[in-house]
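Here is run-v7.cif, consisting of mmCIF, C-alpha atoms and all ligand atoms:
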data_model
loop_
_atom_site.label_atom_id
_atom_site.label_comp_id
_atom_site.auth_asym_id
_atom_site.auth_seq_id
_atom_site.Cartn_x
_atom_site.Cartn_y
_atom_site.Cartn_z
CA MET A 1 0.00 0.00 0.00
CA SER A 2 1.26 3.47 -0.78
CA THR A 3 0.00 7.00 -0.37
CA ILE A 4 0.65 9.63 -3.01
CA ARG A 5 0.19 13.26 -2.10
CA VAL A 6 -1.41 15.21 -4.98
CA ASP A 7 -2.42 18.82 -5.50
CA GLN A 8 -6.11 19.39 -4.84
CA GLN A 9 -6.68 21.51 -7.94
CA SER A 10 -4.22 20.13 -10.48
CA PRO A 11 -2.99 16.65 -9.52
CA ASP A 12 0.17 15.29 -11.12
CA PRO A 13 -0.90 13.35 -14.25
CA ALA A 14 1.66 10.60 -13.53
CA ALA A 15 0.13 9.96 -10.09
CA ILE A 16 -3.36 9.91 -11.60
CA GLU A 17 -2.24 7.47 -14.29
CA GLN A 18 -0.70 5.20 -11.65
CA ALA A 19 -4.00 5.16 -9.72
CA ALA A 20 -6.01 4.62 -12.91
CA ALA A 21 -3.82 1.62 -13.76
CA VAL A 22 -4.48 0.09 -10.32
CA LEU A 23 -8.23 0.48 -10.93
CA ARG A 24 -8.05 -1.02 -14.42
CA ALA A 25 -6.12 -3.99 -13.00
CA GLY A 26 -8.89 -4.71 -10.47
CA GLY A 27 -7.25 -3.05 -7.44
CA LEU A 28 -8.58 -0.66 -4.78
CA VAL A 29 -7.79 3.08 -4.80
CA ALA A 30 -8.90 5.50 -2.09
CA PHE A 31 -9.42 8.95 -3.59
CA PRO A 32 -10.87 12.30 -2.52
CA THR A 33 -14.28 13.46 -3.68
CA GLU A 34 -15.77 16.81 -2.69
CA THR A 35 -17.83 15.02 0.01
CA VAL A 36 -15.61 12.38 1.64
CA TYR A 37 -12.84 10.00 0.52
CA GLY A 38 -14.13 7.06 -1.52
CA LEU A 39 -12.80 3.49 -1.78
CA GLY A 40 -12.86 2.86 -5.52
CA ALA A 41 -12.83 -0.23 -7.73
CA ASN A 42 -13.82 -0.98 -11.34
CA ALA A 43 -17.63 -1.05 -11.15
CA LEU A 44 -17.91 -3.46 -14.09
CA ASP A 45 -15.57 -6.06 -12.50
CA SER A 46 -17.44 -8.14 -9.88
CA GLU A 47 -14.24 -9.46 -8.31
CA ALA A 48 -12.84 -5.96 -7.86
CA VAL A 49 -16.15 -4.86 -6.33
CA ALA A 50 -16.07 -7.85 -3.97
CA ARG A 51 -12.72 -6.54 -2.67
CA ILE A 52 -14.46 -3.31 -1.58
CA PHE A 53 -16.99 -5.27 0.48
CA ALA A 54 -14.22 -7.40 2.02
CA ALA A 55 -12.02 -4.40 2.90
CA LYS A 56 -14.88 -2.50 4.53
CA GLY A 57 -16.60 -5.46 6.18
CA ARG A 58 -19.70 -4.16 4.42
CA PRO A 59 -22.82 -6.34 4.33
CA SER A 60 -23.49 -7.51 0.76
CA TYR A 61 -27.07 -6.19 0.88
CA ASN A 62 -25.80 -2.59 0.93
CA PRO A 63 -25.33 -1.36 -2.66
CA LEU A 64 -22.56 0.97 -3.87
CA ILE A 65 -22.54 4.32 -5.66
CA VAL A 66 -20.98 4.28 -9.13
CA HIS A 67 -18.85 7.34 -9.92
CA VAL A 68 -18.58 8.44 -13.54
CA HIS A 69 -16.96 11.33 -15.39
CA ASP A 70 -20.07 12.82 -16.99
CA ALA A 71 -23.80 12.43 -17.51
CA ALA A 72 -23.37 10.56 -20.82
CA VAL A 73 -21.45 7.77 -19.05
CA ALA A 74 -24.08 7.77 -16.29
CA ARG A 75 -26.83 7.33 -18.80
CA ALA A 76 -25.13 4.30 -20.31
CA LEU A 77 -25.39 2.55 -16.91
CA ALA A 78 -29.15 3.13 -16.76
CA ALA A 79 -31.98 1.16 -18.36
CA ALA A 80 -34.19 4.25 -18.23
CA TRP A 81 -33.21 7.88 -17.84
CA PRO A 82 -36.16 9.92 -16.61
CA ALA A 83 -36.58 13.63 -17.33
CA GLY A 84 -35.78 14.36 -13.68
CA ALA A 85 -32.35 12.76 -14.12
CA ASP A 86 -31.53 15.11 -16.99
CA ALA A 87 -32.74 18.08 -14.96
CA CYS A 88 -30.61 17.05 -11.95
CA ALA A 89 -27.57 16.34 -14.10
CA ASP A 90 -27.84 19.78 -15.73
CA SER A 91 -28.28 21.61 -12.43
CA PHE A 92 -26.14 19.66 -9.95
CA TRP A 93 -23.47 17.60 -11.75
CA PRO A 94 -20.59 17.55 -11.27
CA GLY A 95 -21.46 17.75 -7.57
CA PRO A 96 -22.56 16.04 -4.34
CA LEU A 97 -25.75 14.45 -5.68
CA THR A 98 -26.37 10.73 -6.28
CA LEU A 99 -29.24 9.55 -8.50
CA VAL A 100 -30.83 6.11 -8.22
CA VAL A 101 -32.21 4.91 -11.57
CA ALA A 102 -33.15 1.60 -13.22
CA ARG A 103 -29.91 -0.22 -14.00
CA ALA A 104 -28.60 -1.41 -17.35
CA PRO A 105 -28.07 -5.22 -17.59
CA HIS A 106 -24.26 -4.99 -17.65
CA VAL A 107 -24.08 -3.37 -14.17
CA PRO A 108 -23.04 -6.27 -11.90
CA ASP A 109 -25.25 -7.54 -9.06
CA ALA A 110 -22.28 -7.05 -6.75
CA VAL A 111 -22.61 -3.26 -7.18
CA THR A 112 -26.38 -3.00 -6.82
CA ALA A 113 -26.77 -5.75 -4.19
CA GLY A 114 -29.07 -7.44 -6.67
CA LEU A 115 -31.46 -4.47 -6.83
CA PRO A 116 -33.01 -3.50 -10.17
CA THR A 117 -31.60 0.02 -9.64
CA VAL A 118 -28.14 1.61 -9.59
CA ALA A 119 -26.91 4.71 -7.73
CA ILE A 120 -24.73 7.03 -9.85
CA ARG A 121 -22.92 10.28 -9.28
CA VAL A 122 -20.57 12.63 -11.14
CA PRO A 123 -18.22 14.03 -8.48
CA ALA A 124 -16.84 17.58 -8.67
CA HIS A 125 -13.45 17.13 -6.97
CA PRO A 126 -10.66 17.77 -9.53
CA VAL A 127 -8.75 14.68 -8.34
CA ALA A 128 -11.80 12.42 -8.67
CA ARG A 129 -12.54 13.91 -12.10
CA ALA A 130 -8.98 13.41 -13.31
CA LEU A 131 -8.99 9.81 -12.04
CA LEU A 132 -12.32 8.94 -13.70
CA LYS A 133 -11.16 10.48 -16.98
CA ALA A 134 -7.85 8.60 -16.95
CA ALA A 135 -9.32 5.26 -15.84
CA GLU A 136 -12.04 5.31 -18.53
CA ILE A 137 -14.18 2.98 -16.41
CA PRO A 138 -17.06 3.62 -14.01
CA VAL A 139 -15.76 3.44 -10.44
CA ALA A 140 -17.85 1.96 -7.61
CA ALA A 141 -16.91 3.78 -4.41
CA PRO A 142 -18.42 3.78 -0.96
CA SER A 143 -16.90 5.98 1.71
CA ALA A 144 -13.37 4.71 2.49
CA ASN A 145 -13.99 3.54 6.06
CA ARG A 146 -14.88 0.28 7.76
CA SER A 147 -18.62 -0.34 7.60
CA THR A 148 -20.77 1.75 10.02
CA GLU A 149 -17.80 3.87 11.12
CA LEU A 150 -17.09 7.54 10.49
CA SER A 151 -16.49 8.57 6.91
CA PRO A 152 -13.00 9.89 6.09
CA THR A 153 -12.46 13.54 5.24
CA LEU A 154 -8.65 13.22 5.34
CA ALA A 155 -6.31 10.61 3.83
CA GLU A 156 -5.10 9.94 7.42
CA HIS A 157 -8.63 8.76 8.30
CA VAL A 158 -8.52 6.25 5.43
CA GLN A 159 -5.12 5.04 6.58
CA LYS A 160 -6.39 4.62 10.15
CA SER A 161 -9.54 2.72 9.17
CA LEU A 162 -8.46 0.64 6.16
CA GLY A 163 -4.66 0.76 6.30
CA GLY A 164 -3.17 -2.23 4.50
CA LYS A 165 -6.40 -3.16 2.69
CA VAL A 166 -6.08 -0.47 0.01
CA ASP A 167 -3.61 -0.67 -2.89
CA LEU A 168 -3.17 3.09 -3.22
CA ILE A 169 -4.36 6.23 -1.44
CA LEU A 170 -4.47 9.57 -3.28
CA ASP A 171 -4.05 12.24 -0.60
CA ALA A 172 -5.33 15.70 -1.55
CA GLY A 173 -5.94 17.03 1.95
CA PRO A 174 -9.34 17.75 3.50
CA THR A 175 -12.51 17.20 1.46
CA PRO A 176 -14.46 20.46 1.07
CA VAL A 177 -18.08 19.39 1.74
CA GLY A 178 -17.42 16.95 4.56
CA ILE A 179 -20.64 14.89 4.59
CA GLU A 180 -21.77 12.32 2.03
CA SER A 181 -23.78 13.15 -1.10
CA THR A 182 -27.52 13.67 -1.19
CA VAL A 183 -29.17 10.49 -2.58
CA ILE A 184 -32.39 10.75 -4.61
CA ASP A 185 -34.32 7.78 -6.00
CA LEU A 186 -35.74 8.59 -9.45
CA SER A 187 -36.69 5.00 -10.33
CA GLY A 188 -40.29 5.22 -9.15
CA SER A 189 -43.25 7.39 -10.03
CA ALA A 190 -42.18 10.24 -7.71
CA PRO A 191 -38.69 11.31 -6.62
CA VAL A 192 -37.71 10.15 -3.12
CA LEU A 193 -35.01 11.73 -0.95
CA LEU A 194 -33.14 8.73 0.47
CA ARG A 195 -30.30 10.59 2.18
CA PRO A 196 -30.11 14.34 2.85
CA GLY A 197 -26.79 16.03 2.18
CA SER A 198 -25.43 19.47 1.53
CA LEU A 199 -27.98 20.38 -1.18
CA SER A 200 -31.09 21.68 0.55
CA GLN A 201 -34.48 20.13 -0.10
CA ALA A 202 -35.72 23.51 -1.39
CA THR A 203 -32.87 23.69 -3.95
CA LEU A 204 -33.63 20.16 -5.14
CA GLU A 205 -37.38 20.79 -5.31
CA ARG A 206 -36.86 23.84 -7.53
CA VAL A 207 -35.53 21.40 -10.14
CA LEU A 208 -37.48 18.21 -9.38
CA GLY A 209 -40.76 19.36 -7.89
CA PRO A 210 -41.99 17.87 -4.59
CA LEU A 211 -39.75 15.21 -3.04
CA MET A 212 -41.05 12.32 -0.95
CA LEU A 213 -38.96 11.69 2.15
CA SER A 214 -37.62 8.19 2.69
CA ALA A 215 -38.93 5.86 5.38
CA SER A 216 -35.35 5.39 6.57
CA ALA A 217 -35.20 9.11 7.28
CA GLY A 218 -38.12 8.51 9.62
CA HIS A 219 -40.58 10.68 7.72
CA SER A 220 -42.84 8.40 5.76
CA ARG A 221 -44.08 4.84 6.01
CA ASP A 222 -44.79 4.48 2.33
CA ALA A 223 -41.55 5.41 0.65
CA ARG A 224 -38.99 2.74 -0.21
CA PRO A 225 -36.10 2.82 2.20
CA SER A 226 -32.48 2.73 1.04
CA PRO A 227 -30.99 -0.63 2.05
CA GLY A 228 -27.85 0.78 3.60
CA MET A 229 -29.51 3.42 5.68
CA LEU A 230 -31.35 1.48 8.32
CA ASP A 231 -28.51 0.79 10.71
CA ARG A 232 -26.35 2.78 13.07
CA HIS A 233 -23.96 4.63 10.82
CA TYR A 234 -21.40 7.39 10.55
CA ALA A 235 -20.51 6.70 14.17
CA PRO A 236 -17.34 7.34 16.17
CA GLN A 237 -15.93 4.62 18.47
CA ALA A 238 -17.09 6.64 21.45
CA GLU A 239 -20.73 6.74 22.49
CA LEU A 240 -22.28 9.83 20.93
CA ARG A 241 -25.09 11.61 22.75
CA LEU A 242 -27.05 14.63 21.53
CA PHE A 243 -28.02 17.21 24.10
CA THR A 244 -30.20 20.28 24.28
CA PRO A 245 -28.97 23.35 26.15
CA CYS A 246 -30.13 23.33 29.80
CA GLY A 247 -30.79 19.58 29.65
CA VAL A 248 -29.46 17.54 32.60
CA LEU A 249 -26.57 15.29 31.58
CA ASP A 250 -25.99 12.08 33.42
CA VAL A 251 -22.36 11.18 32.71
CA ARG A 252 -20.33 8.40 34.31
CA PRO A 253 -17.62 10.03 36.41
CA ASP A 254 -14.87 7.80 35.00
CA TYR A 255 -15.66 8.72 31.39
CA ARG A 256 -13.35 10.80 29.27
CA VAL A 257 -15.76 13.23 27.65
CA GLY A 258 -15.56 15.26 24.46
CA ALA A 259 -18.07 17.88 23.37
CA LEU A 260 -19.04 19.57 20.13
CA LEU A 261 -20.60 22.87 21.12
CA LEU A 262 -22.48 25.58 19.26
CA SER A 263 -23.71 28.09 21.80
CA CYS A 264 -23.81 26.46 25.22
CA GLU A 265 -21.34 25.05 27.74
CA ALA A 266 -20.76 21.49 28.90
CA MET A 267 -18.42 19.80 31.37
CA ALA A 268 -15.95 17.98 29.15
CA HIS A 269 -12.24 17.16 28.90
CA HIS A 270 -12.13 18.15 25.24
CA LYS A 271 -14.40 20.98 24.13
CA ILE A 272 -14.70 21.91 20.49
CA ARG A 273 -16.53 25.06 19.48
CA MET A 274 -18.26 24.32 16.15
CA PRO A 275 -19.11 26.90 13.46
CA GLY A 276 -22.66 28.26 13.42
CA ASP A 277 -23.29 27.78 9.70
CA PRO A 278 -24.18 24.33 8.35
CA GLU A 279 -21.61 24.27 5.52
CA SER A 280 -18.63 24.93 7.79
CA TYR A 281 -20.05 22.62 10.46
CA ALA A 282 -20.40 19.77 7.93
CA GLN A 283 -16.87 20.35 6.64
CA ARG A 284 -15.40 19.89 10.13
CA LEU A 285 -17.78 17.37 11.69
CA TYR A 286 -16.09 14.04 10.90
CA ALA A 287 -12.56 15.37 11.44
CA GLU A 288 -13.53 16.58 14.94
CA LEU A 289 -15.21 13.25 15.79
CA HIS A 290 -12.12 11.37 14.52
CA SER A 291 -9.92 13.57 16.72
CA LEU A 292 -12.09 12.98 19.82
CA ASP A 293 -11.88 9.23 19.18
CA ASP A 294 -8.11 9.55 18.86
CA ALA A 295 -8.02 11.44 22.16
CA GLY A 296 -9.56 8.36 23.81
CA CYS A 297 -13.01 9.79 24.58
CA ASP A 298 -15.60 7.32 25.88
CA LEU A 299 -18.47 9.74 25.33
CA ILE A 300 -18.98 12.59 22.89
CA LEU A 301 -21.68 15.11 23.80
CA VAL A 302 -23.01 16.97 20.77
CA GLU A 303 -25.16 20.06 21.19
CA ARG A 304 -28.22 19.65 18.99
CA VAL A 305 -28.07 21.63 15.76
CA PRO A 306 -31.01 23.80 14.62
CA GLU A 307 -34.14 22.05 13.31
CA THR A 308 -34.14 24.14 10.11
CA ALA A 309 -33.98 22.67 6.57
CA GLU A 310 -30.42 23.84 5.85
CA TRP A 311 -29.16 21.68 8.74
CA ALA A 312 -30.94 18.49 7.49
CA GLY A 313 -27.77 16.76 6.24
CA VAL A 314 -25.79 17.36 9.43
CA ARG A 315 -28.80 16.47 11.61
CA ASP A 316 -29.27 13.16 9.76
CA ARG A 317 -25.61 12.15 10.33
CA LEU A 318 -25.72 13.12 14.02
CA ASN A 319 -28.97 11.23 14.59
CA ARG A 320 -27.56 8.09 12.97
CA ALA A 321 -24.30 8.36 14.91
CA ALA A 322 -26.25 8.69 18.17
CA ARG A 323 -28.35 5.58 17.47
CA ARG A 324 -27.31 2.70 19.71
CA GLY A 325 -26.66 -0.83 18.48
O1 LIG B 1 -20.64 11.30 -0.98
C1 LIG B 1 -20.81 10.09 -1.18
O2 LIG B 1 -21.88 9.64 -1.61
C2 LIG B 1 -19.63 9.16 -0.89
C3 LIG B 1 -18.52 9.47 -1.89
C4 LIG B 1 -17.37 8.51 -1.80
O3 LIG B 1 -19.06 9.53 -3.18
N1 LIG B 1 -20.04 7.78 -0.99
C5 LIG B 1 -20.85 7.21 -0.07
O4 LIG B 1 -21.10 5.88 -0.32
O5 LIG B 1 -21.31 7.81 0.88
P1 LIG B 1 -21.72 4.90 0.76
O6 LIG B 1 -21.59 3.55 0.19
O7 LIG B 1 -21.06 5.13 2.07
O8 LIG B 1 -23.24 5.28 0.76
C6 LIG B 1 -24.05 4.95 -0.36
C7 LIG B 1 -25.50 5.04 0.01
C8 LIG B 1 -25.90 3.90 0.92
O9 LIG B 1 -26.78 4.38 1.91
C9 LIG B 1 -26.63 2.95 -0.03
O10 LIG B 1 -27.59 2.16 0.59
C10 LIG B 1 -27.26 3.91 -1.02
O11 LIG B 1 -26.29 4.93 -1.20
N2 LIG B 1 -27.52 3.23 -2.32
C11 LIG B 1 -26.61 2.77 -3.20
N3 LIG B 1 -27.22 2.16 -4.25
C12 LIG B 1 -28.55 2.26 -4.03
C13 LIG B 1 -29.71 1.81 -4.73
N4 LIG B 1 -29.62 1.15 -5.89
N5 LIG B 1 -30.93 2.08 -4.18
C14 LIG B 1 -31.02 2.74 -3.02
N6 LIG B 1 -29.97 3.20 -2.29
C15 LIG B 1 -28.74 2.94 -2.79
MG MG B 2 -20.44 5.07 4.02
#

If you convert what's in this file into structure tokens, what do you get?
Amino acid sequence: MSTIRVDQQSPDPAAIEQAAAVLRAGGLVAFPTETVYGLGANALDSEAVARIFAAKGRPSYNPLIVHVHDAAVARALAAAWPAGADACADSFWPGPLTLVVARAPHVPDAVTAGLPTVAIRVPAHPVARALLKAAEIPVAAPSANRSTELSPTLAEHVQKSLGGKVDLILDAGPTPVGIESTVIDLSGSAPVLLRPGSLSQATLERVLGPLMLSASAGHSRDARPSPGMLDRHYAPQAELRLFTPCGVLDVRPDYRVGALLLSCEAMAHHKIRMPGDPESYAQRLYAELHSLDDAGCDLILVERVPETAEWAGVRDRLNRAARRG
């Protein structure tokens, strides 16, 4: 395993070609996207895709997102390409949006977990774009962490979580968005928001019209849930507990405690003051949780973020991380 440091804006073509060759040969490459680092493999090679599941300890029922260079390549992976997909591609790609559409027959079962649909996204990060262009293959890539754990926003996080299981890591420093892409299912009669992200619901609805909210997001009983989104997820090693200002906190006296704070105070060994806007908060969230884990915290207290729509992506990740078991 080796790590190659590349420039975030204009990565060295030789490094990109080396990573592309690993992908074409069926290997695993961790690479930055604008959201989080992904663990990539050739999406059309079932054995390469199986290596992703093995490295992450990911259950085989949880399908992967396929990363492609542009909308034309995306379309070729779909059996049907609804008008909403064109509208989203025009407005939001390249960018942190994943579309679930009916899959073309040549997309392996390993990628889709046997579902009749495939999740596709065109990432915006210059390193991801250069890699996809050089590799000339669609790249299946979940977040580059062991299953259920925190997503990586730095190459060091990938190293810590997956270490020797990756053939090559492209290190381009911190990822700018910091939480995973918004996932929208366009395969049914109405668009369904499966996972909120940095794009607000209002922004998406301006392009797509009304969005149904997924059952896994706890909003609706009717909508189809996304298979990978039912469990505890995005969680640090430490117990994570959300708290409301003025609430009474019952904390074991022997616990090493960390806290992510917005406006209030808490008794903690490690206190981190978080930014008050959702974009900056999202950008820092996983790195701060990784650092509190590294500091040996048993418990991380997180001040609840506002209930407003622009905080939906961050709120979703915090709620999942706080879920026990
Ligand atoms: O920002 C991101 O999306 C990052 C970067 C690397 O692109 N990737 C990422 O992948 O977060 P992952 O595997 O950690 O999350 C993919 C999510 C899972 O919740 C999975 O269940 C859902 O997308 N998904 C994938 N294919 C699906 C499908 N055919 N139908 C419904 N949900 C699907
Ligand atoms: Mg993940």

Per residue of segment 166-281 of chain A within 9 Å of segment 313-317 of chain A, record the nearest atom pair and its distance in Å to one decimal, counting only C-alpha atoms, with rows in chain order and ascending residue number, as CSV.
residue,atom,partner,partner_atom,distance
A:Ile179,CA,A:Val314,CA,7.5
A:Glu180,CA,A:Gly313,CA,8.6
A:Thr182,CA,A:Gly313,CA,8.1
A:Arg195,CA,A:Gly313,CA,7.8
A:Pro196,CA,A:Gly313,CA,4.8
A:Gly197,CA,A:Gly313,CA,4.2
A:Ser198,CA,A:Gly313,CA,5.9
A:Leu199,CA,A:Gly313,CA,8.3
A:Ser200,CA,A:Gly313,CA,8.2
A:Ala217,CA,A:Asp316,CA,7.6
A:His233,CA,A:Arg317,CA,7.7
A:Tyr234,CA,A:Arg317,CA,6.4
A:Ala235,CA,A:Arg317,CA,8.4
A:Pro278,CA,A:Val314,CA,7.2
A:Glu279,CA,A:Val314,CA,9.0
A:Tyr281,CA,A:Val314,CA,7.9

Inset, instruction - For Val127 of chain A, work out the shell of residues within 10 Å, counting only C-alpha atoms and skipping chain neighbours fewer than 5 positions away, then give it as a ChimeraX atom specification. - result: /A:6-13,16,31-34,132-133,170-172

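The space separating atom CA of Asp250 of chain A from atom CA of Ser151 of chain A comes to 28.4 Å.
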
Inset, instruction - Rank A:Arg51, A:Arg304, A:Arg241, A:Arg146 by their smallest atom-to-atom distance to ligand MG 2 (chain B), using all atoms listed in the file, and report the top residue only. - result: A:Arg146

Hey, which bits of chain A sit within 10 Å of ligand MG 2 (chain B), and for each residue what's the closest pair of atoms and how far apart in Å (one decimal), counting only C-alpha atoms and all ligand atoms, rows by chain and increasing number, as a Markdown table?
| residue | atom | partner | partner_atom | distance |
| --- | --- | --- | --- | --- |
| A:Val36 | CA | B:MG2 | MG | 9.1 |
| A:Tyr37 | CA | B:MG2 | MG | 9.7 |
| A:Gly38 | CA | B:MG2 | MG | 8.6 |
| A:Leu39 | CA | B:MG2 | MG | 9.7 |
| A:Lys56 | CA | B:MG2 | MG | 9.4 |
| A:Arg58 | CA | B:MG2 | MG | 9.3 |
| A:Asn62 | CA | B:MG2 | MG | 9.8 |
| A:Leu64 | CA | B:MG2 | MG | 9.1 |
| A:Ile65 | CA | B:MG2 | MG | 9.9 |
| A:Ala141 | CA | B:MG2 | MG | 9.2 |
| A:Pro142 | CA | B:MG2 | MG | 5.5 |
| A:Ser143 | CA | B:MG2 | MG | 4.3 |
| A:Ala144 | CA | B:MG2 | MG | 7.2 |
| A:Asn145 | CA | B:MG2 | MG | 6.9 |
| A:Arg146 | CA | B:MG2 | MG | 8.2 |
| A:Ser147 | CA | B:MG2 | MG | 6.7 |
| A:Thr148 | CA | B:MG2 | MG | 6.9 |
| A:Glu149 | CA | B:MG2 | MG | 7.7 |
| A:Leu150 | CA | B:MG2 | MG | 7.7 |
| A:Ser151 | CA | B:MG2 | MG | 6.0 |
| A:Pro152 | CA | B:MG2 | MG | 9.1 |
| A:Ile179 | CA | B:MG2 | MG | 9.8 |
| A:Glu180 | CA | B:MG2 | MG | 7.6 |
| A:Gly228 | CA | B:MG2 | MG | 8.6 |
| A:Met229 | CA | B:MG2 | MG | 9.4 |
| A:His233 | CA | B:MG2 | MG | 7.7 |
| A:Tyr234 | CA | B:MG2 | MG | 7.0 |

Legend entry - Gap from atom CA of Tyr255 of chain A to atom CA of Asp298 of chain A - Å, one decimal: 5.7 Å

Legend entry - Given only C-alpha atoms as the counted atoms, nearest of A:Ala80, A:Ala312, A:Val107, A:Leu260 to Leu193 of chain A: A:Ala312

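With atom CA of Val49 of chain A on one side and atom C10 of ligand LIG 1 (chain B) on the other, the separation reads 15.1 Å.
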
Legend entry - Residue nearest ligand LIG 1 (chain B) - candidates A:Gly114, A:Pro210, A:Pro191, A:Gly84, atoms counted: only C-alpha atoms and all ligand atoms: A:Gly114

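Closest approach to Pro105 of chain A among A:Ser187, A:Val73, A:Ala130, A:Ala78 is made by A:Ala78 (distances from only C-alpha atoms).
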
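Compared by their closest atoms to Ala268 of chain A, and using all atoms listed in the file, the residues A:Leu44, A:Val183, A:Ala282, A:Val251 rank with A:Val251 nearest.
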
Legend entry - For Glu303 of chain A: contacts at 7 Å, only C-alpha atoms, fewer than 6 positions along chain excluded, given as a list of chain:residue names: A:Leu242, A:Phe243, A:Thr244, A:Leu260, A:Leu261, A:Leu262

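Close contacts of Glu17 of chain A, defined as residues with an atom at most 8 Å away when counting only C-alpha atoms, with chain neighbours fewer than 5 positions off set aside, comprise A:Leu131, A:Ala134, A:Ala135.
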
Inset, instruction - List the neighbours of Ala266 of chain A out to 10 Å using all atoms listed in the file; skip same-chain residues closer than 6 positions along the sequence, and give me the result as a VMD selection string. - result: chain A and resid 243 245 to 246 249 257 to 260 301 to 303

Inset, instruction - Write out as a ChimeraX atom specification the residues lying within 12 Å of Val166 of chain A, counting only C-alpha atoms and excluding same-chain residues fewer than 5 positions away. - result: /A:1-3,19,22-23,26-31,38-41,48,51-56,144-146,155,158-161
